[in-house]
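Enquirer: Take this structure first; my questions come after.
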Amino acid sequence: MSWTDRALIAALTRLLPTRRRLGLLVTPATILRWHGQLAARRWTTQPARPGRPAFPAGLRALVVRLATENPSWGYRRIQGELAGLGYRIGASTVWKILHAAGIDPAPRRIGPSWAQFLRAQARAILACDLLHLDTITLHRLYAFLVIEHANRRVHILGVTAHPTGAWLTQLVRNLCFDLDDTRRRFRFLIRDRDAKFTAQFDTVFTDRRRPRHQNAGAGASGQRDRRTLRRLRPTRTPRPHP
């Protein structure tokens with residue numbers, strides 16, 4: 001079968017009733033594989049041209065040795081030491097060499113690792129990201145999800161073809177309201193540097209750390225709030241300045 005035949009079968013399969021799909025010559029897994037190949041042919045870009053030649057192995061070993069024997073040295077400090085030895089190399093190149101060797105930046109080398117931090121603070125960590133989905137017509141949709149690190153619970157907050165910063169901000173605001181109802185608190189948020197994560201997006205989580213006033217008429221808690229307000233009430237009401 002040609003690609004035209006495969007695309008036609010994949011598009012018409014969803015219109016057939018379930019009992020008629022059993023008599024097709026292909027299985028549902030085959031149709032999904034065709035769809036994945038079509039999406040790959042549409043979105044896959046040409047491989048980039050090779051860049052600069054690799055640095056000598058001896059220089060790479062020297063950079064790794066300096067970082068290992070001096071945990072408090074950063075990339076620029078290592079670059080300066082190499083310049084004193086006669087090696088002209090940029091700080092970004094030093095970073096690439098250490099990153100490829102699995103060596104963290106200087107502050108992380110003398111403290112807990114990233115994996116240790118995630119294990120220790122799992123109950124206080126949220127992570128969010130945008131995932132893209134390709135439909136049968138090769139239209140791209142974006143799904144925004146948030147995951148709780150402690151229990152791996154995933155919250156799919158919304159799906160749209162045109163994600164914006166305001167849309168993401170409103171979704172996380174609704175999520176924060178739901179988390180407040182269940183009395184769950186989180187201190188850390190992991191996200192990438194996508195431009196759609198605006199300053200208003202971060203403000204939603206920053207404001208959530210501030211204390212919220214509860215309803216003063218809600219049972220015993222409301223009575224405690226009223227007593228606190230009476231105790232902290234000023235002796236006179238200040239007059240506002242003109």
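All residue names refer to the structure tokens as shown: chains lettered A, B, ... in order, residues numbered from 1 in each chain, ligands numbered from 1 in order.
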List as an mmCIF file with C-alpha atoms, in the first residue's frame the protein and nucleic acid residues near Thr30 of chain A, meaning an atom at most 12 Å away when only C-alpha atoms are counted, but skip any in the same chain fewer than 4 places from it.
Expert:
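Final output, saved to selection11.cif:
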data_model
loop_
_atom_site.group_PDB
_atom_site.id
_atom_site.type_symbol
_atom_site.label_atom_id
_atom_site.label_comp_id
_atom_site.auth_asym_id
_atom_site.auth_seq_id
_atom_site.Cartn_x
_atom_site.Cartn_y
_atom_site.Cartn_z
ATOM 1 C CA ARG A 6 -2.476 4.295 4.582
ATOM 2 C CA ALA A 7 -3.565 7.869 5.309
ATOM 3 C CA ILE A 9 -7.470 4.032 6.027
ATOM 4 C CA ALA A 10 -6.220 5.820 9.156
ATOM 5 C CA THR A 13 -11.124 4.093 10.669
ATOM 6 C CA LEU A 24 -9.898 -4.666 8.540
ATOM 7 C CA LEU A 25 -6.662 -5.956 7.077
ATOM 8 C CA VAL A 26 -4.592 -3.976 9.604
ATOM 9 C CA TRP A 34 1.447 4.835 10.427
ATOM 10 C CA HIS A 35 0.291 7.951 12.218
ATOM 11 C CA GLY A 36 3.580 8.228 14.101
ATOM 12 C CA GLN A 37 5.532 7.917 10.859
#
Enquirer: Just asking: which residues within segment 43-219 of chain A are strand (DSSP E) according to DSSP, as a JSON list (two decimals) with N, CA and C atoms, in the first residue's frame?
Expert:
[["chain", "number", "residue", "atom", "x", "y", "z"],
["A", 125, "ILE", "N", 7.62, 19.47, 46.20],
["A", 125, "ILE", "CA", 8.04, 19.83, 44.85],
["A", 125, "ILE", "C", 6.91, 19.56, 43.87],
["A", 126, "LEU", "N", 6.67, 20.54, 43.00],
["A", 126, "LEU", "CA", 5.82, 20.40, 41.83],
["A", 126, "LEU", "C", 6.66, 20.64, 40.59],
["A", 127, "ALA", "N", 6.33, 19.95, 39.51],
["A", 127, "ALA", "CA", 6.99, 20.17, 38.22],
["A", 127, "ALA", "C", 5.92, 20.32, 37.15],
["A", 128, "CYS", "N", 6.15, 21.21, 36.20],
["A", 128, "CYS", "CA", 5.16, 21.47, 35.15],
["A", 128, "CYS", "C", 5.85, 21.52, 33.80],
["A", 129, "ASP", "N", 5.08, 21.25, 32.75],
["A", 129, "ASP", "CA", 5.64, 21.28, 31.40],
["A", 129, "ASP", "C", 4.49, 21.27, 30.40],
["A", 130, "LEU", "N", 4.82, 21.67, 29.16],
["A", 130, "LEU", "CA", 3.90, 21.62, 28.03],
["A", 130, "LEU", "C", 4.30, 20.45, 27.14],
["A", 131, "LEU", "N", 3.35, 19.58, 26.83],
["A", 131, "LEU", "CA", 3.58, 18.47, 25.91],
["A", 131, "LEU", "C", 2.77, 18.70, 24.65],
["A", 132, "HIS", "N", 3.31, 18.30, 23.50],
["A", 132, "HIS", "CA", 2.58, 18.47, 22.25],
["A", 132, "HIS", "C", 2.05, 17.12, 21.76],
["A", 133, "LEU", "N", 0.88, 17.15, 21.16],
["A", 133, "LEU", "CA", 0.21, 15.97, 20.63],
["A", 133, "LEU", "C", -0.17, 16.25, 19.18],
["A", 134, "ASP", "N", 0.04, 15.28, 18.30],
["A", 134, "ASP", "CA", -0.29, 15.42, 16.89],
["A", 134, "ASP", "C", -1.56, 14.62, 16.60],
["A", 140, "ARG", "N", -1.20, 20.19, 15.57],
["A", 140, "ARG", "CA", -0.49, 20.05, 16.84],
["A", 140, "ARG", "C", -1.28, 20.70, 17.97],
["A", 141, "LEU", "N", -1.51, 19.94, 19.04],
["A", 141, "LEU", "CA", -2.15, 20.43, 20.25],
["A", 141, "LEU", "C", -1.15, 20.39, 21.39],
["A", 142, "TYR", "N", -1.34, 21.28, 22.35],
["A", 142, "TYR", "CA", -0.43, 21.39, 23.50],
["A", 142, "TYR", "C", -1.22, 21.10, 24.78],
["A", 143, "ALA", "N", -0.68, 20.20, 25.58],
["A", 143, "ALA", "CA", -1.29, 19.83, 26.86],
["A", 143, "ALA", "C", -0.39, 20.32, 27.99],
["A", 144, "PHE", "N", -0.99, 21.00, 28.95],
["A", 144, "PHE", "CA", -0.24, 21.52, 30.10],
["A", 144, "PHE", "C", -0.52, 20.61, 31.29],
["A", 145, "LEU", "N", 0.54, 20.09, 31.91],
["A", 145, "LEU", "CA", 0.37, 19.17, 33.02],
["A", 145, "LEU", "C", 1.31, 19.55, 34.16],
["A", 146, "VAL", "N", 0.91, 19.16, 35.36],
["A", 146, "VAL", "CA", 1.68, 19.37, 36.58],
["A", 146, "VAL", "C", 1.77, 18.03, 37.29],
["A", 147, "ILE", "N", 2.96, 17.70, 37.82],
["A", 147, "ILE", "CA", 3.17, 16.43, 38.49],
["A", 147, "ILE", "C", 3.66, 16.68, 39.91],
["A", 148, "GLU", "N", 3.14, 15.92, 40.86],
["A", 148, "GLU", "CA", 3.59, 15.96, 42.24],
["A", 148, "GLU", "C", 4.71, 14.91, 42.40],
["A", 153, "ARG", "N", 1.61, 11.91, 41.07],
["A", 153, "ARG", "CA", 0.26, 12.21, 40.60],
["A", 153, "ARG", "C", 0.32, 13.31, 39.54],
["A", 154, "VAL", "N", -0.31, 13.07, 38.39],
["A", 154, "VAL", "CA", -0.25, 14.01, 37.27],
["A", 154, "VAL", "C", -1.60, 14.72, 37.14],
["A", 155, "HIS", "N", -1.54, 16.04, 37.04],
["A", 155, "HIS", "CA", -2.73, 16.86, 36.83],
["A", 155, "HIS", "C", -2.67, 17.42, 35.40],
["A", 156, "ILE", "N", -3.56, 16.96, 34.52],
["A", 156, "ILE", "CA", -3.66, 17.51, 33.17],
["A", 156, "ILE", "C", -4.64, 18.67, 33.24],
["A", 157, "LEU", "N", -4.13, 19.89, 33.16],
["A", 157, "LEU", "CA", -4.92, 21.08, 33.43],
["A", 157, "LEU", "C", -5.65, 21.61, 32.21],
["A", 158, "GLY", "N", -5.16, 21.37, 31.01],
["A", 158, "GLY", "CA", -5.84, 21.89, 29.83],
["A", 158, "GLY", "C", -5.11, 21.51, 28.56],
["A", 159, "VAL", "N", -5.86, 21.58, 27.44],
["A", 159, "VAL", "CA", -5.31, 21.29, 26.11],
["A", 159, "VAL", "C", -5.77, 22.39, 25.17],
["A", 160, "THR", "N", -4.86, 22.92, 24.36],
["A", 160, "THR", "CA", -5.20, 23.97, 23.41],
["A", 160, "THR", "C", -4.22, 23.92, 22.25],
["A", 188, "PHE", "N", 8.48, 24.29, 46.18],
["A", 188, "PHE", "CA", 9.36, 24.39, 45.02],
["A", 188, "PHE", "C", 8.59, 24.03, 43.76],
["A", 189, "LEU", "N", 8.91, 24.75, 42.67],
["A", 189, "LEU", "CA", 8.33, 24.49, 41.36],
["A", 189, "LEU", "C", 9.46, 24.33, 40.35],
["A", 190, "ILE", "N", 9.43, 23.23, 39.60],
["A", 190, "ILE", "CA", 10.42, 22.97, 38.56],
["A", 190, "ILE", "C", 9.77, 23.22, 37.21]]
Enquirer: With only C-alpha atoms as the basis for distance, which of A:Ala150, A:Arg119, A:Asp194, A:Phe55 is at the shortest distance from Arg88 of chain A?
Expert: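 For Arg88 of chain A, the nearest of the candidates is A:Phe55.
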Enquirer: Can you tell me, as a PyMOL selection string, what residues are no more than 12 Å from Ile97 of chain A when counting only C-alpha atoms, ignoring any on the same chain fewer than 6 positions away?
Expert: chain A and resi 54-67+75+78-79+89-91+103-105
Enquirer: What is the atom CA of Ala120 of chain A-atom CA of Arg184 of chain A distance in Å, reported with one decimal?
Expert: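 Calculated distance between atom CA of Ala120 of chain A and atom CA of Arg184 of chain A is 17.1 Å.
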Enquirer: Do you have the atom CA of Phe186 of chain A-atom CA of Phe117 of chain A distance handy?
Expert: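 Going from atom CA of Phe186 of chain A over to atom CA of Phe117 of chain A, I get 14.4 Å.
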Enquirer: How many Å lie between atom CA of Ala161 of chain A and atom CA of Ile136 of chain A, rounded to one decimal?
Expert: 14.2 Å
Enquirer: I want to know what sits within 10 Å of Val204 of chain A, based on only C-alpha atoms, with residues of the same chain fewer than 4 positions away left out; could you give that as a VMD selection string?
Expert: chain A and resid 169 to 170 172 to 174 176 199 to 200 208 to 209
Enquirer: What would the file look like if the residues just selected were written as a PDB file, in the first residue's frame with all heavy atoms?
Expert:
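Wrote it out as result.pdb, contents follow:
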ATOM      1  N   THR A 169      -1.296  30.880  33.227  1.00  0.00           N
ATOM      2  CA  THR A 169      -1.451  31.506  34.548  1.00  0.00           C
ATOM      3  C   THR A 169      -2.802  31.179  35.157  1.00  0.00           C
ATOM      4  O   THR A 169      -2.907  30.874  36.356  1.00  0.00           O
ATOM      5  CB  THR A 169      -1.281  33.025  34.430  1.00  0.00           C
ATOM      6  OG1 THR A 169       0.013  33.305  33.870  1.00  0.00           O
ATOM      7  CG2 THR A 169      -1.398  33.692  35.784  1.00  0.00           C
ATOM      8  N   GLN A 170      -3.859  31.217  34.342  1.00  0.00           N
ATOM      9  CA  GLN A 170      -5.189  30.906  34.870  1.00  0.00           C
ATOM     10  C   GLN A 170      -5.295  29.441  35.275  1.00  0.00           C
ATOM     11  O   GLN A 170      -5.935  29.107  36.285  1.00  0.00           O
ATOM     12  CB  GLN A 170      -6.252  31.236  33.816  1.00  0.00           C
ATOM     13  CG  GLN A 170      -7.682  31.037  34.294  1.00  0.00           C
ATOM     14  CD  GLN A 170      -8.009  31.893  35.501  1.00  0.00           C
ATOM     15  OE1 GLN A 170      -7.627  33.065  35.551  1.00  0.00           O
ATOM     16  NE2 GLN A 170      -8.705  31.325  36.468  1.00  0.00           N
ATOM     17  N   VAL A 172      -2.844  27.433  36.439  1.00  0.00           N
ATOM     18  CA  VAL A 172      -2.155  27.177  37.708  1.00  0.00           C
ATOM     19  C   VAL A 172      -2.872  27.869  38.862  1.00  0.00           C
ATOM     20  O   VAL A 172      -2.822  27.388  40.006  1.00  0.00           O
ATOM     21  CB  VAL A 172      -0.690  27.628  37.640  1.00  0.00           C
ATOM     22  CG1 VAL A 172       0.060  26.837  36.601  1.00  0.00           C
ATOM     23  CG2 VAL A 172      -0.573  29.112  37.366  1.00  0.00           C
ATOM     24  N   ARG A 173      -3.560  28.981  38.594  1.00  0.00           N
ATOM     25  CA  ARG A 173      -4.338  29.620  39.657  1.00  0.00           C
ATOM     26  C   ARG A 173      -5.474  28.698  40.106  1.00  0.00           C
ATOM     27  O   ARG A 173      -5.749  28.555  41.302  1.00  0.00           O
ATOM     28  CB  ARG A 173      -4.882  30.964  39.170  1.00  0.00           C
ATOM     29  CG  ARG A 173      -5.607  31.748  40.250  1.00  0.00           C
ATOM     30  CD  ARG A 173      -6.065  33.104  39.741  1.00  0.00           C
ATOM     31  NE  ARG A 173      -4.935  33.996  39.479  1.00  0.00           N
ATOM     32  CZ  ARG A 173      -4.582  34.413  38.280  1.00  0.00           C
ATOM     33  NH1 ARG A 173      -5.250  34.017  37.207  1.00  0.00           N
ATOM     34  NH2 ARG A 173      -3.554  35.231  38.130  1.00  0.00           N
ATOM     35  N   ASN A 174      -6.136  28.051  39.138  1.00  0.00           N
ATOM     36  CA  ASN A 174      -7.189  27.095  39.489  1.00  0.00           C
ATOM     37  C   ASN A 174      -6.605  25.900  40.246  1.00  0.00           C
ATOM     38  O   ASN A 174      -7.232  25.384  41.192  1.00  0.00           O
ATOM     39  CB  ASN A 174      -7.897  26.615  38.225  1.00  0.00           C
ATOM     40  CG  ASN A 174      -8.607  27.738  37.498  1.00  0.00           C
ATOM     41  OD1 ASN A 174      -8.914  28.781  38.088  1.00  0.00           O
ATOM     42  ND2 ASN A 174      -8.856  27.555  36.216  1.00  0.00           N
ATOM     43  N   CYS A 176      -3.978  25.908  42.214  1.00  0.00           N
ATOM     44  CA  CYS A 176      -3.648  26.331  43.575  1.00  0.00           C
ATOM     45  C   CYS A 176      -4.890  26.357  44.457  1.00  0.00           C
ATOM     46  O   CYS A 176      -4.830  26.010  45.642  1.00  0.00           O
ATOM     47  CB  CYS A 176      -2.982  27.698  43.542  1.00  0.00           C
ATOM     48  SG  CYS A 176      -1.291  27.674  42.891  1.00  0.00           S
ATOM     49  N   ALA A 199       6.110  36.294  34.191  1.00  0.00           N
ATOM     50  CA  ALA A 199       6.270  36.723  35.584  1.00  0.00           C
ATOM     51  C   ALA A 199       4.968  36.535  36.360  1.00  0.00           C
ATOM     52  O   ALA A 199       4.990  36.219  37.552  1.00  0.00           O
ATOM     53  CB  ALA A 199       6.717  38.178  35.627  1.00  0.00           C
ATOM     54  N   GLN A 200       3.821  36.740  35.703  1.00  0.00           N
ATOM     55  CA  GLN A 200       2.540  36.516  36.379  1.00  0.00           C
ATOM     56  C   GLN A 200       2.368  35.052  36.757  1.00  0.00           C
ATOM     57  O   GLN A 200       1.761  34.729  37.780  1.00  0.00           O
ATOM     58  CB  GLN A 200       1.377  36.961  35.479  1.00  0.00           C
ATOM     59  CG  GLN A 200       1.262  38.460  35.306  1.00  0.00           C
ATOM     60  CD  GLN A 200       2.270  39.008  34.316  1.00  0.00           C
ATOM     61  OE1 GLN A 200       2.943  38.236  33.635  1.00  0.00           O
ATOM     62  NE2 GLN A 200       2.371  40.323  34.215  1.00  0.00           N
ATOM     63  N   ARG A 208       1.020  32.379  46.850  1.00  0.00           N
ATOM     64  CA  ARG A 208       0.408  31.269  47.579  1.00  0.00           C
ATOM     65  C   ARG A 208       1.138  30.975  48.873  1.00  0.00           C
ATOM     66  O   ARG A 208       0.575  30.407  49.798  1.00  0.00           O
ATOM     67  CB  ARG A 208       0.402  30.029  46.678  1.00  0.00           C
ATOM     68  CG  ARG A 208      -0.387  28.854  47.243  1.00  0.00           C
ATOM     69  CD  ARG A 208      -0.541  27.766  46.201  1.00  0.00           C
ATOM     70  NE  ARG A 208      -1.237  26.630  46.755  1.00  0.00           N
ATOM     71  CZ  ARG A 208      -0.632  25.586  47.313  1.00  0.00           C
ATOM     72  NH1 ARG A 208       0.674  25.574  47.405  1.00  0.00           N
ATOM     73  NH2 ARG A 208      -1.327  24.564  47.777  1.00  0.00           N
ATOM     74  N   ARG A 209       2.408  31.373  48.981  1.00  0.00           N
ATOM     75  CA  ARG A 209       3.153  31.150  50.222  1.00  0.00           C
ATOM     76  C   ARG A 209       2.739  32.109  51.325  1.00  0.00           C
ATOM     77  O   ARG A 209       3.020  31.868  52.498  1.00  0.00           O
ATOM     78  CB  ARG A 209       4.651  31.318  49.958  1.00  0.00           C
ATOM     79  CG  ARG A 209       5.228  30.279  49.013  1.00  0.00           C
ATOM     80  CD  ARG A 209       6.718  30.477  48.869  1.00  0.00           C
ATOM     81  NE  ARG A 209       7.313  29.509  47.959  1.00  0.00           N
ATOM     82  CZ  ARG A 209       8.600  29.472  47.660  1.00  0.00           C
ATOM     83  NH1 ARG A 209       9.415  30.359  48.217  1.00  0.00           N
ATOM     84  NH2 ARG A 209       9.077  28.576  46.823  1.00  0.00           N
TER      85      ARG A 209
END
Enquirer: Got a sec: who's within 9 Å of Phe197 of chain A, counting only C-alpha atoms, leaving out chain neighbours fewer than 3 positions off, as a VMD selection string?
Expert: chain A and resid 164 to 165 168 to 169 191 to 194 200 to 202
Enquirer: Report the residues of segment 66-227 of chain A whose backbone DSSP state falls under alpha helix (DSSP H), written as a ChimeraX atom specification.
Expert: /A:66-69,75-84,91-100,106-109,114-120,165-181,199-208,219-227
